[in-house]
$ cat query22.pdb   # PDB, C-alpha atoms
MODEL        1
ATOM      1  CA  MET A 943      29.924 -18.295 -18.304
ATOM      2  CA  THR A 944      28.122 -15.118 -17.366
ATOM      3  CA  LEU A 945      26.738 -14.575 -13.900
ATOM      4  CA  PRO A 946      23.071 -14.512 -15.049
ATOM      5  CA  VAL A 947      23.588 -17.892 -16.703
ATOM      6  CA  GLN A 948      25.061 -19.245 -13.490
ATOM      7  CA  LEU A 949      22.136 -17.872 -11.507
ATOM      8  CA  VAL A 950      19.652 -19.525 -13.855
ATOM      9  CA  LEU A 951      21.506 -22.825 -13.729
ATOM     10  CA  ARG A 952      21.695 -22.737  -9.969
ATOM     11  CA  ALA A 953      17.968 -22.079  -9.744
ATOM     12  CA  LEU A 954      17.260 -24.998 -12.053
ATOM     13  CA  LEU A 955      19.730 -27.253 -10.267
ATOM     14  CA  ALA A 956      18.124 -26.644  -6.884
ATOM     15  CA  ASP A 957      15.773 -29.482  -7.800
ATOM     16  CA  PRO A 958      16.591 -30.786 -11.289
ATOM     17  CA  SER A 959      13.508 -32.963 -11.376
ATOM     18  CA  GLN A 960      11.188 -30.047 -10.752
ATOM     19  CA  GLU A 961       9.760 -28.134 -13.659
ATOM     20  CA  MET A 962       9.776 -24.365 -13.388
ATOM     21  CA  TYR A 963       8.111 -21.685 -15.437
ATOM     22  CA  GLY A 964       9.700 -18.453 -16.554
ATOM     23  CA  LEU A 965       8.472 -16.137 -13.844
ATOM     24  CA  GLN A 966       9.375 -18.705 -11.202
ATOM     25  CA  ILE A 967      12.908 -18.991 -12.571
ATOM     26  CA  CYS A 968      13.174 -15.187 -12.550
ATOM     27  CA  THR A 969      12.206 -15.130  -8.904
ATOM     28  CA  GLU A 970      14.426 -18.002  -7.865
ATOM     29  CA  ALA A 971      17.404 -16.659  -9.777
ATOM     30  CA  GLY A 972      16.806 -13.103  -8.623
ATOM     31  CA  LEU A 973      16.958 -11.809 -12.156
ATOM     32  CA  PRO A 974      14.701  -9.231 -13.777
ATOM     33  CA  SER A 975      12.114 -10.292 -16.279
ATOM     34  CA  GLY A 976      13.280 -10.684 -19.840
ATOM     35  CA  THR A 977      16.815 -11.581 -18.824
ATOM     36  CA  ILE A 978      16.141 -15.277 -18.544
ATOM     37  CA  HIS A 979      14.503 -15.878 -21.905
ATOM     38  CA  PRO A 980      17.666 -15.486 -24.027
ATOM     39  CA  ILE A 981      19.496 -17.705 -21.513
ATOM     40  CA  LEU A 982      16.776 -20.333 -21.532
ATOM     41  CA  ALA A 983      16.695 -20.241 -25.329
ATOM     42  CA  ARG A 984      20.432 -20.879 -25.517
ATOM     43  CA  LEU A 985      20.336 -23.638 -22.906
ATOM     44  CA  GLU A 986      17.439 -25.257 -24.718
ATOM     45  CA  GLY A 987      19.295 -24.945 -27.980
ATOM     46  CA  TRP A 988      22.217 -26.835 -26.441
ATOM     47  CA  ASP A 989      19.813 -29.493 -25.154
ATOM     48  CA  TRP A 990      20.624 -28.708 -21.558
ATOM     49  CA  LEU A 991      17.004 -27.811 -21.077
ATOM     50  CA  GLU A 992      13.711 -29.199 -22.190
ATOM     51  CA  SER A 993      10.439 -27.340 -22.107
ATOM     52  CA  ARG A 994       6.798 -28.107 -22.543
ATOM     53  CA  TRP A 995       3.500 -26.360 -22.369
ATOM     54  CA  GLU A 996       1.462 -26.649 -19.227
ATOM     55  CA  ASP A 997      -1.089 -29.396 -19.630
ATOM     56  CA  THR A 998      -4.159 -27.380 -18.756
ATOM     57  CA  ASP A 999      -7.109 -25.670 -20.309
ATOM     58  CA  PRO A1000      -6.464 -21.897 -20.535
ATOM     59  CA  THR A1001     -10.179 -21.179 -20.530
ATOM     60  CA  GLU A1002     -10.667 -23.115 -17.356
ATOM     61  CA  GLN A1003      -7.604 -21.616 -15.692
ATOM     62  CA  GLY A1004      -8.410 -18.113 -16.871
ATOM     63  CA  ARG A1005      -4.863 -17.512 -18.091
ATOM     64  CA  PRO A1006      -2.591 -18.609 -20.921
ATOM     65  CA  ARG A1007      -0.580 -21.773 -20.506
ATOM     66  CA  ARG A1008       2.773 -21.587 -18.770
ATOM     67  CA  ARG A1009       5.906 -22.871 -20.418
ATOM     68  CA  TYR A1010       7.672 -25.246 -18.048
ATOM     69  CA  TYR A1011      11.434 -25.775 -18.147
ATOM     70  CA  ARG A1012      13.522 -28.552 -16.684
ATOM     71  CA  LEU A1013      17.138 -29.566 -17.030
ATOM     72  CA  THR A1014      17.725 -32.708 -19.023
ATOM     73  CA  ARG A1015      19.733 -35.422 -17.342
ATOM     74  CA  ALA A1016      22.784 -34.585 -19.416
ATOM     75  CA  GLY A1017      22.056 -30.900 -19.032
ATOM     76  CA  ALA A1018      22.032 -31.191 -15.258
ATOM     77  CA  LEU A1019      25.439 -32.859 -15.274
ATOM     78  CA  ARG A1020      26.861 -30.283 -17.650
ATOM     79  CA  ALA A1021      25.328 -27.458 -15.713
ATOM     80  CA  GLN A1022      26.775 -28.722 -12.444
ATOM     81  CA  HIS A1023      30.182 -29.108 -14.055
ATOM     82  CA  ALA A1024      29.931 -25.651 -15.582
ATOM     83  CA  LEU A1025      29.098 -24.121 -12.222
ATOM     84  CA  ASP A1026      31.918 -26.001 -10.522
ATOM     85  CA  THR A1027      34.462 -24.801 -13.042
ATOM     86  CA  ALA A1028      33.136 -21.275 -13.514
ATOM     87  CA  ARG A1029      35.925 -18.696 -13.382
ATOM     88  CA  THR A1030      33.721 -16.343 -11.394
ATOM     89  CA  PRO A1031      31.799 -18.622  -9.086
ATOM     90  CA  LEU A1032      28.597 -17.311  -7.555
ATOM     91  CA  SER A1033      29.812 -18.228  -4.106
ATOM     92  CA  GLY A1034      32.370 -15.450  -4.394
ATOM     93  CA  ILE A1035      29.700 -12.842  -4.991
ATOM     94  CA  PRO A1036      27.242 -12.942  -2.091
ATOM     95  CA  ALA A1037      25.159 -10.120  -3.474
ATOM     96  CA  LEU A1038      24.379 -12.168  -6.563
ATOM     97  CA  ARG A1039      23.364 -15.342  -4.801
ATOM     98  CA  PRO A1040      19.965 -16.475  -5.910
ATOM     99  CA  ARG A1041      17.023 -15.903  -3.653
ATOM    100  CA  THR A1042      15.613 -18.996  -2.066
ATOM    101  CA  THR A1043      12.261 -17.627  -0.934
ATOM    102  CA  GLY A1044       9.458 -15.525  -2.296
ATOM    103  CA  SER A1045       8.687 -17.610  -5.317
ATOM    104  CA  THR A1046       5.657 -16.583  -7.286
ATOM    105  CA  PRO A1047       2.931 -19.213  -7.271
TER     106      PRO A1047
ATOM    107  CA  MET B 762     -47.460  49.195 106.908
ATOM    108  CA  THR B 763     -48.974  51.800 104.676
ATOM    109  CA  CYS B 764     -48.152  52.522 101.082
ATOM    110  CA  GLY B 765     -49.064  56.104 100.680
ATOM    111  CA  GLY B 766     -47.444  56.908  97.336
ATOM    112  CA  HIS B 767     -50.632  56.001  95.409
ATOM    113  CA  GLY B 768     -52.923  56.952  98.147
ATOM    114  CA  LEU B 769     -53.633  53.362  98.763
ATOM    115  CA  ALA B 770     -53.157  52.065 102.242
ATOM    116  CA  VAL B 771     -52.779  48.325 102.568
ATOM    117  CA  GLY B 772     -51.710  46.184 105.444
ATOM    118  CA  PHE B 773     -48.406  44.361 105.672
ATOM    119  CA  ASP B 774     -49.980  41.006 105.326
ATOM    120  CA  THR B 775     -51.806  42.155 102.307
ATOM    121  CA  ALA B 776     -48.561  43.464 100.772
ATOM    122  CA  VAL B 777     -46.824  40.241 101.539
ATOM    123  CA  GLY B 778     -49.639  38.397  99.958
ATOM    124  CA  ILE B 779     -49.422  40.616  96.873
ATOM    125  CA  VAL B 780     -45.685  40.146  96.637
ATOM    126  CA  ASP B 781     -46.166  36.509  97.095
ATOM    127  CA  ASP B 782     -48.679  36.489  94.313
ATOM    128  CA  LEU B 783     -46.363  38.497  92.100
ATOM    129  CA  VAL B 784     -43.495  36.163  92.850
ATOM    130  CA  GLY B 785     -45.748  33.271  92.152
ATOM    131  CA  ALA B 786     -46.843  34.834  88.919
ATOM    132  CA  LEU B 787     -43.283  35.652  88.046
ATOM    133  CA  ALA B 788     -42.247  32.138  88.850
ATOM    134  CA  ALA B 789     -45.050  30.901  86.736
ATOM    135  CA  ASP B 790     -43.944  33.218  83.974
ATOM    136  CA  VAL B 791     -40.389  32.075  84.330
ATOM    137  CA  SER B 792     -41.527  28.510  84.348
ATOM    138  CA  ARG B 793     -43.690  29.189  81.347
ATOM    139  CA  ALA B 794     -40.796  30.918  79.687
ATOM    140  CA  ARG B 795     -38.599  28.013  80.496
ATOM    141  CA  ASN B 796     -41.145  25.690  78.996
ATOM    142  CA  LEU B 797     -41.420  27.897  75.982
ATOM    143  CA  ALA B 798     -37.690  27.959  75.645
ATOM    144  CA  ALA B 799     -37.601  24.226  75.929
ATOM    145  CA  ALA B 800     -40.383  24.047  73.437
ATOM    146  CA  ASP B 801     -38.470  26.400  71.238
ATOM    147  CA  LEU B 802     -35.423  24.221  71.580
ATOM    148  CA  ASP B 803     -37.487  21.179  70.817
ATOM    149  CA  LEU B 804     -39.036  23.041  67.973
ATOM    150  CA  ALA B 805     -35.651  24.135  66.758
ATOM    151  CA  HIS B 806     -34.408  20.605  67.017
ATOM    152  CA  ASP B 807     -37.458  19.394  65.192
ATOM    153  CA  LEU B 808     -36.965  22.099  62.659
ATOM    154  CA  ASP B 809     -33.345  21.092  62.239
ATOM    155  CA  ARG B 810     -34.357  17.499  61.743
ATOM    156  CA  ALA B 811     -37.116  18.551  59.454
ATOM    157  CA  LEU B 812     -34.688  20.768  57.591
ATOM    158  CA  ALA B 813     -32.225  17.903  57.300
ATOM    159  CA  ALA B 814     -35.015  15.654  56.178
ATOM    160  CA  ALA B 815     -36.211  18.355  53.878
ATOM    161  CA  ARG B 816     -32.721  18.710  52.517
ATOM    162  CA  ALA B 817     -32.522  14.957  52.114
ATOM    163  CA  PHE B 818     -35.905  14.912  50.522
ATOM    164  CA  ALA B 819     -34.986  17.948  48.554
ATOM    165  CA  ALA B 820     -32.002  16.090  47.177
ATOM    166  CA  VAL B 821     -34.215  13.278  45.947
ATOM    167  CA  PRO B 822     -36.671  15.457  44.177
ATOM    168  CA  THR B 823     -33.760  17.394  42.728
ATOM    169  CA  LEU B 824     -32.190  14.206  41.454
ATOM    170  CA  ALA B 825     -35.507  12.940  40.311
ATOM    171  CA  ALA B 826     -36.097  16.193  38.525
ATOM    172  CA  THR B 827     -32.688  15.951  36.893
ATOM    173  CA  ALA B 828     -33.272  12.339  35.995
ATOM    174  CA  LEU B 829     -36.669  13.231  34.714
ATOM    175  CA  ALA B 830     -35.234  16.025  32.629
ATOM    176  CA  ALA B 831     -32.526  13.694  31.372
ATOM    177  CA  ALA B 832     -35.108  11.028  30.641
ATOM    178  CA  ARG B 833     -37.190  13.584  28.801
ATOM    179  CA  ASP B 834     -34.131  14.715  26.862
ATOM    180  CA  LEU B 835     -33.233  11.116  26.165
ATOM    181  CA  ALA B 836     -36.742  10.374  25.019
ATOM    182  CA  HIS B 837     -36.595  13.410  22.785
ATOM    183  CA  ARG B 838     -33.280  12.301  21.366
ATOM    184  CA  LEU B 839     -34.603   8.789  20.905
ATOM    185  CA  ASP B 840     -37.536  10.218  19.056
ATOM    186  CA  CYS B 841     -35.177  12.228  16.869
ATOM    187  CA  ALA B 842     -32.960   9.194  16.353
ATOM    188  CA  SER B 843     -35.950   7.071  15.526
ATOM    189  CA  GLY B 844     -37.036   9.635  13.002
ATOM    190  CA  GLN B 845     -33.555   9.732  11.564
ATOM    191  CA  VAL B 846     -33.461   5.944  11.411
ATOM    192  CA  ARG B 847     -36.739   5.956   9.566
ATOM    193  CA  THR B 848     -35.411   8.587   7.182
ATOM    194  CA  LEU B 849     -32.164   6.676   6.796
ATOM    195  CA  THR B 850     -34.033   3.456   6.159
ATOM    196  CA  LEU B 851     -36.020   5.156   3.465
ATOM    197  CA  ASP B 852     -32.820   6.595   2.009
ATOM    198  CA  LEU B 853     -31.141   3.201   2.194
ATOM    199  CA  ASN B 854     -34.072   1.583   0.490
ATOM    200  CA  ARG B 855     -33.901   4.209  -2.196
ATOM    201  CA  GLY B 856     -30.110   3.797  -2.339
ATOM    202  CA  PHE B 857     -30.418   0.041  -2.469
ATOM    203  CA  GLY B 858     -32.795   0.340  -5.356
ATOM    204  CA  GLY B 859     -30.384   2.759  -6.980
ATOM    205  CA  SER B 860     -27.440   0.452  -6.318
ATOM    206  CA  LEU B 861     -29.330  -2.395  -7.941
ATOM    207  CA  ASP B 862     -29.858  -0.184 -10.966
ATOM    208  CA  LEU B 863     -26.201   0.838 -10.862
ATOM    209  CA  ASP B 864     -25.110  -2.783 -10.515
ATOM    210  CA  ARG B 865     -27.254  -3.717 -13.494
ATOM    211  CA  HIS B 866     -25.800  -0.870 -15.536
ATOM    212  CA  LEU B 867     -22.253  -1.778 -14.486
ATOM    213  CA  HIS B 868     -22.879  -5.386 -15.399
ATOM    214  CA  ASP B 869     -24.093  -4.320 -18.822
ATOM    215  CA  LEU B 870     -21.120  -1.995 -19.172
ATOM    216  CA  TYR B 871     -18.717  -4.724 -18.106
ATOM    217  CA  GLY B 872     -20.223  -7.040 -20.693
ATOM    218  CA  LEU B 873     -19.737  -4.392 -23.360
ATOM    219  CA  ILE B 874     -16.128  -3.776 -22.274
ATOM    220  CA  ARG B 875     -15.413  -7.499 -22.209
ATOM    221  CA  ALA B 876     -16.916  -7.962 -25.651
ATOM    222  CA  LEU B 877     -14.934  -4.999 -26.951
ATOM    223  CA  SER B 878     -11.744  -6.292 -25.309
ATOM    224  CA  ASN B 879     -12.284  -9.718 -26.817
ATOM    225  CA  ASP B 880     -12.776  -8.123 -30.223
ATOM    226  CA  LEU B 881      -9.565  -6.146 -29.800
ATOM    227  CA  GLY B 882      -7.672  -8.987 -28.154
ATOM    228  CA  LEU B 883      -7.124  -6.911 -25.018
ATOM    229  CA  ALA B 884      -7.873  -7.380 -21.379
ATOM    230  CA  PRO B 885      -9.618  -4.419 -19.749
ATOM    231  CA  LEU B 886      -7.983  -2.553 -16.883
ATOM    232  CA  GLY B 887      -8.676  -4.187 -13.548
ATOM    233  CA  ALA B 888     -10.849  -6.801 -15.168
ATOM    234  CA  GLN B 889     -11.101 -10.408 -14.194
ATOM    235  CA  THR B 890     -10.884 -13.445 -16.344
ATOM    236  CA  GLU B 891     -13.686 -15.942 -16.647
ATOM    237  CA  ALA B 892     -12.019 -18.004 -13.919
ATOM    238  CA  GLY B 893     -12.143 -15.011 -11.565
ATOM    239  CA  ARG B 894      -8.431 -14.227 -11.749
ATOM    240  CA  PRO B 895      -7.388 -10.594 -12.147
ATOM    241  CA  ALA B 896      -6.389 -10.029 -15.749
ATOM    242  CA  PRO B 897      -3.197  -8.195 -16.701
ATOM    243  CA  VAL B 898      -3.609  -4.538 -17.543
ATOM    244  CA  TRP B 899      -3.933  -4.102 -21.267
ATOM    245  CA  PRO B 900      -1.004  -1.683 -21.779
ATOM    246  CA  ALA B 901       1.321  -4.329 -20.321
ATOM    247  CA  ALA B 902      -0.315  -6.978 -22.463
ATOM    248  CA  ARG B 903       0.199  -4.767 -25.514
ATOM    249  CA  VAL B 904       3.872  -4.158 -24.705
ATOM    250  CA  ALA B 905       4.422  -7.876 -24.148
ATOM    251  CA  ALA B 906       2.700  -8.604 -27.442
ATOM    252  CA  ALA B 907       4.970  -6.046 -29.105
ATOM    253  CA  ALA B 908       7.998  -7.750 -27.531
ATOM    254  CA  SER B 909       6.988 -11.113 -28.965
ATOM    255  CA  GLY B 910       6.329  -9.418 -32.286
ATOM    256  CA  LEU B 911      10.027  -8.573 -32.561
ATOM    257  CA  LEU B 912      11.012 -12.248 -32.456
ATOM    258  CA  PRO B 913      11.437 -14.548 -35.442
ATOM    259  CA  GLY B 914       8.155 -15.713 -36.853
ATOM    260  CA  TRP B 915       8.638 -19.329 -35.864
ATOM    261  CA  GLY B 916       9.111 -18.420 -32.171
ATOM    262  CA  ARG B 917       6.571 -15.637 -32.005
ATOM    263  CA  PRO B 918       3.425 -17.577 -30.951
ATOM    264  CA  ARG B 919       5.293 -19.478 -28.266
ATOM    265  CA  TYR B 920       6.760 -16.397 -26.610
ATOM    266  CA  ALA B 921       3.557 -14.420 -27.056
ATOM    267  CA  GLU B 922       1.691 -16.998 -24.998
ATOM    268  CA  GLU B 923       4.527 -17.379 -22.514
ATOM    269  CA  TYR B 924       4.717 -13.634 -21.949
ATOM    270  CA  GLN B 925       0.959 -13.359 -21.487
ATOM    271  CA  ALA B 926       1.085 -16.251 -18.993
ATOM    272  CA  GLU B 927       3.780 -14.429 -17.035
ATOM    273  CA  LEU B 928       1.707 -11.258 -16.964
ATOM    274  CA  ALA B 929      -1.321 -13.266 -15.872
ATOM    275  CA  ASP B 930       0.719 -14.790 -13.056
ATOM    276  CA  LEU B 931       1.938 -11.344 -12.038
ATOM    277  CA  ALA B 932      -1.597  -9.965 -12.050
ATOM    278  CA  ALA B 933      -2.823 -12.948 -10.055
ATOM    279  CA  ALA B 934      -0.045 -12.328  -7.534
ATOM    280  CA  GLY B 935      -1.401  -8.814  -7.032
ATOM    281  CA  ALA B 936       1.159  -6.900  -9.063
ATOM    282  CA  GLY B 937      -0.025  -3.411  -9.908
ATOM    283  CA  ARG B 938      -0.153  -1.952 -13.374
ATOM    284  CA  TRP B 939       3.258  -0.312 -13.090
ATOM    285  CA  ARG B 940       4.927  -3.545 -12.057
ATOM    286  CA  GLN B 941       3.237  -5.323 -14.910
ATOM    287  CA  LEU B 942       4.290  -2.552 -17.261
ATOM    288  CA  GLY B 943       7.864  -2.787 -15.953
ATOM    289  CA  HIS B 944       7.858  -6.522 -16.529
ATOM    290  CA  ALA B 945       6.542  -6.095 -20.061
ATOM    291  CA  GLY B 946       8.992  -3.267 -20.719
ATOM    292  CA  ARG B 947      11.928  -5.451 -19.759
ATOM    293  CA  LEU B 948      10.599  -8.169 -22.060
ATOM    294  CA  LEU B 949      10.568  -5.587 -24.829
ATOM    295  CA  VAL B 950      14.085  -4.397 -24.045
ATOM    296  CA  LYS B 951      15.369  -7.974 -24.009
ATOM    297  CA  ALA B 952      13.589  -8.884 -27.230
ATOM    298  CA  ALA B 953      16.716  -8.154 -29.290
ATOM    299  CA  PRO B 954      19.027 -10.466 -27.258
ATOM    300  CA  LEU B 955      16.337 -13.144 -27.349
ATOM    301  CA  ARG B 956      16.005 -12.715 -31.123
ATOM    302  CA  MET B 957      19.784 -13.143 -31.489
ATOM    303  CA  ALA B 958      19.784 -16.163 -29.188
ATOM    304  CA  LEU B 959      16.949 -17.778 -31.102
ATOM    305  CA  ALA B 960      18.673 -17.094 -34.424
ATOM    306  CA  ARG B 961      21.880 -18.627 -33.064
ATOM    307  CA  VAL B 962      20.022 -21.671 -31.791
ATOM    308  CA  HIS B 963      18.256 -21.973 -35.119
ATOM    309  CA  ARG B 964      21.565 -21.878 -36.993
ATOM    310  CA  TYR B 965      23.144 -24.337 -34.562
ATOM    311  CA  ARG B 966      20.315 -26.810 -34.967
ATOM    312  CA  ARG B 967      20.420 -26.543 -38.742
ATOM    313  CA  GLU B 968      24.143 -27.210 -38.674
ATOM    314  CA  VAL B 969      23.700 -30.188 -36.337
ATOM    315  CA  VAL B 970      20.905 -31.632 -38.436
TER     316      VAL B 970
ENDMDL
END
$ encode --input "query22.pdb" --output "structure tokens"
Amino acid sequence: MTLPVQLVLRALLADPSQEMYGLQICTEAGLPSGTIHPILARLEGWDWLESRWEDTDPTEQGRPRRRYYRLTRAGALRAQHALDTARTPLSGIPALRPRTTGSTP
Amino acid sequence: MTCGGHGLAVGFDTAVGIVDDLVGALAADVSRARNLAAADLDLAHDLDRALAAARAFAAVPTLAATALAAARDLAHRLDCASGQVRTLTLDLNRGFGGSLDLDRHLHDLYGLIRALSNDLGLAPLGAQTEAGRPAPVWPAARVAAAASGLLPGWGRPRYAEEYQAELADLAAAGAGRWRQLGHAGRLLVKAAPLRMALARVHRYRREVV
């Protein structure tokens, strides 16, 4: 499992019940934009993730709808197991630990 | 006794009387002189006091004159300032009228730009959305649209909207145009890996189904 995938999983596992949108995951994982979308696509393809459109009116909000992601129940278990058994755990690389503050609203 | 030097012969008693008179006159003169001196001293003292008073008084008129001059200068400056305020007020009124015209023209121009942007599907630079949020800069929006255009057709609309939402969030968070452009550029660079991931997921799902 690559380090970016671990960072994304850790960000999502911080609160598995909370939905997060792409930019928020980028910020929480400390990854540059664009990096997370292939990862999210793969995780969603494996049914570790589920996503939905924000339930809001874009005209009223003045912006397009966000796509919200959340780990499935099975996905959360698999993700936790994958992180626990990762050959290069994030805990061994302090510089790559995900950021815990500065999330974009 | 006879005083013959002047051919005048007087008796001793007469001379004593004359001397006595002269002494008396001299004493009177001395006394008068003493009085005059005392008067002079008094006068000098009075003059000193008067001079001190005059100096004291002189200080007041001097100050008063300075204050008066300052007051006159101040009044003059106030007059000038008042005139300038009047001129400035007139200028401001003219400027306010001009700014109203400018505001009206800018409003018309903004409407034209917004209509043009809507026609082109772009958001103008530094514009705001209807909800008052700052809109993403249009070059970033274009790059993000190009990035979604590289994806498979079935995933294109989803990622196009998702990318635009991310740019909108960035713009709302105060990100400048270069940060937005950097974000969109990275989306474009990562379009190929995302295309491969989507194709793999698509194949995987077809195989599972």
$ residues_around --input "query22.pdb" --residues "Ala953 in chain B" --least-positions-apart "5" --cutoff "10 Å" --atoms "only C-alpha atoms" --output "PyMOL selection string"
(chain A and resi 980) or (chain B and resi 908+911-912+948+958-959)
$ closest_atom_pairs --input "query22.pdb" --of "chain A" --to "chain B" --cutoff "10 Å" --atoms "all atoms listed in the file" --output "JSON lines"
{"residue": "A:Tyr963", "atom": "CA", "partner": "B:Glu927", "partner_atom": "CA", "distance": 8.6}
{"residue": "A:Gly964", "atom": "CA", "partner": "B:Glu927", "partner_atom": "CA", "distance": 7.2}
{"residue": "A:Leu965", "atom": "CA", "partner": "B:Glu927", "partner_atom": "CA", "distance": 5.9}
{"residue": "A:Gln966", "atom": "CA", "partner": "B:Glu927", "partner_atom": "CA", "distance": 9.1}
{"residue": "A:Pro974", "atom": "CA", "partner": "B:Arg947", "partner_atom": "CA", "distance": 7.6}
{"residue": "A:Ser975", "atom": "CA", "partner": "B:His944", "partner_atom": "CA", "distance": 5.7}
{"residue": "A:Gly976", "atom": "CA", "partner": "B:Leu948", "partner_atom": "CA", "distance": 4.3}
{"residue": "A:Thr977", "atom": "CA", "partner": "B:Lys951", "partner_atom": "CA", "distance": 6.5}
{"residue": "A:Ile978", "atom": "CA", "partner": "B:Leu955", "partner_atom": "CA", "distance": 9.1}
{"residue": "A:His979", "atom": "CA", "partner": "B:Leu955", "partner_atom": "CA", "distance": 6.4}
{"residue": "A:Pro980", "atom": "CA", "partner": "B:Leu955", "partner_atom": "CA", "distance": 4.3}
{"residue": "A:Ile981", "atom": "CA", "partner": "B:Ala958", "partner_atom": "CA", "distance": 7.8}
{"residue": "A:Leu982", "atom": "CA", "partner": "B:Ala958", "partner_atom": "CA", "distance": 9.2}
{"residue": "A:Ala983", "atom": "CA", "partner": "B:Leu959", "partner_atom": "CA", "distance": 6.3}
{"residue": "A:Arg984", "atom": "CA", "partner": "B:Ala958", "partner_atom": "CA", "distance": 6.0}
{"residue": "A:Leu985", "atom": "CA", "partner": "B:Val962", "partner_atom": "CA", "distance": 9.1}
{"residue": "A:Glu986", "atom": "CA", "partner": "B:Val962", "partner_atom": "CA", "distance": 8.3}
{"residue": "A:Gly987", "atom": "CA", "partner": "B:Val962", "partner_atom": "CA", "distance": 5.1}
{"residue": "A:Trp988", "atom": "CA", "partner": "B:Val962", "partner_atom": "CA", "distance": 7.8}
{"residue": "A:Trp995", "atom": "CA", "partner": "B:Glu923", "partner_atom": "CA", "distance": 9.0}
{"residue": "A:Pro1000", "atom": "CA", "partner": "B:Ala892", "partner_atom": "CA", "distance": 9.5}
{"residue": "A:Thr1001", "atom": "CA", "partner": "B:Glu891", "partner_atom": "CA", "distance": 7.4}
{"residue": "A:Glu1002", "atom": "CA", "partner": "B:Ala892", "partner_atom": "CA", "distance": 6.3}
{"residue": "A:Gln1003", "atom": "CA", "partner": "B:Ala892", "partner_atom": "CA", "distance": 6.0}
{"residue": "A:Gly1004", "atom": "CA", "partner": "B:Ala892", "partner_atom": "CA", "distance": 4.7}
{"residue": "A:Arg1005", "atom": "CA", "partner": "B:Ala929", "partner_atom": "CA", "distance": 6.0}
{"residue": "A:Pro1006", "atom": "CA", "partner": "B:Ala926", "partner_atom": "CA", "distance": 4.8}
{"residue": "A:Arg1007", "atom": "CA", "partner": "B:Ala926", "partner_atom": "CA", "distance": 6.0}
{"residue": "A:Arg1008", "atom": "CA", "partner": "B:Ala926", "partner_atom": "CA", "distance": 5.6}
{"residue": "A:Arg1009", "atom": "CA", "partner": "B:Glu923", "partner_atom": "CA", "distance": 6.0}
{"residue": "A:Tyr1010", "atom": "CA", "partner": "B:Glu923", "partner_atom": "CA", "distance": 9.6}
{"residue": "A:Thr1046", "atom": "CA", "partner": "B:Ala934", "partner_atom": "CA", "distance": 7.1}
{"residue": "A:Pro1047", "atom": "CA", "partner": "B:Ala934", "partner_atom": "CA", "distance": 7.5}
$ atom_distance --input "query22.pdb" --atom1 "CA of Leu955 in chain A" --atom2 "CA of Glu968 in chain B"
28.7 Å
$ resolve_selection --input "query22.pdb" --expression "the PyMOL selection byres ((chain B and resi 901) around 6)" --output "list in words"
Val898, Trp899, Pro900, Ala902, Arg903, Val904, Gln941, Leu942 and Ala945 of chain B
$ residues_around --input "query22.pdb" --residues "Ala1018 in chain A" --least-positions-apart "6" --cutoff "9 Å" --atoms "all atoms listed in the file" --output "PDB file with C-alpha atoms, in the frame of the given file"
ATOM      1  CA  LEU A 951      21.506 -22.825 -13.729  1.00  0.00           C
ATOM      2  CA  LEU A 954      17.260 -24.998 -12.053  1.00  0.00           C
ATOM      3  CA  LEU A 955      19.730 -27.253 -10.267  1.00  0.00           C
ATOM      4  CA  PRO A 958      16.591 -30.786 -11.289  1.00  0.00           C
ATOM      5  CA  TRP A 990      20.624 -28.708 -21.558  1.00  0.00           C
ATOM      6  CA  LEU A 991      17.004 -27.811 -21.077  1.00  0.00           C
TER       7      LEU A 991
END
$ closest_residue --input "query22.pdb" --among "A:Thr944, A:Ser993, A:Gln1022, A:Thr998" --to "Ala956 in chain A" --atoms "all atoms listed in the file"
A:Gln1022
$ atom_distance --input "query22.pdb" --atom1 "CA of Arg1015 in chain A" --atom2 "CA of Val947 in chain A"
18.0 Å
$ resolve_selection --input "query22.pdb" --expression "the PyMOL selection byres ((chain A and resi 943) around 12)" --output "PyMOL selection string"
chain A and resi 944-951+981+985+1021+1023-1032
$ residues_near_point --input "query22.pdb" --point "(16.3, -17.2, -11.3)" --cutoff "7 Å" --atoms "only C-alpha atoms" --output "list in words"
Leu949, Val950, Ala953, Ile967, Cys968, Thr969, Glu970, Ala971, Gly972, Leu973 and Pro1040 of chain A
$ atom_distance --input "query22.pdb" --atom1 "CA of Ala905 in chain B" --atom2 "CA of Arg952 in chain A"
26.8 Å
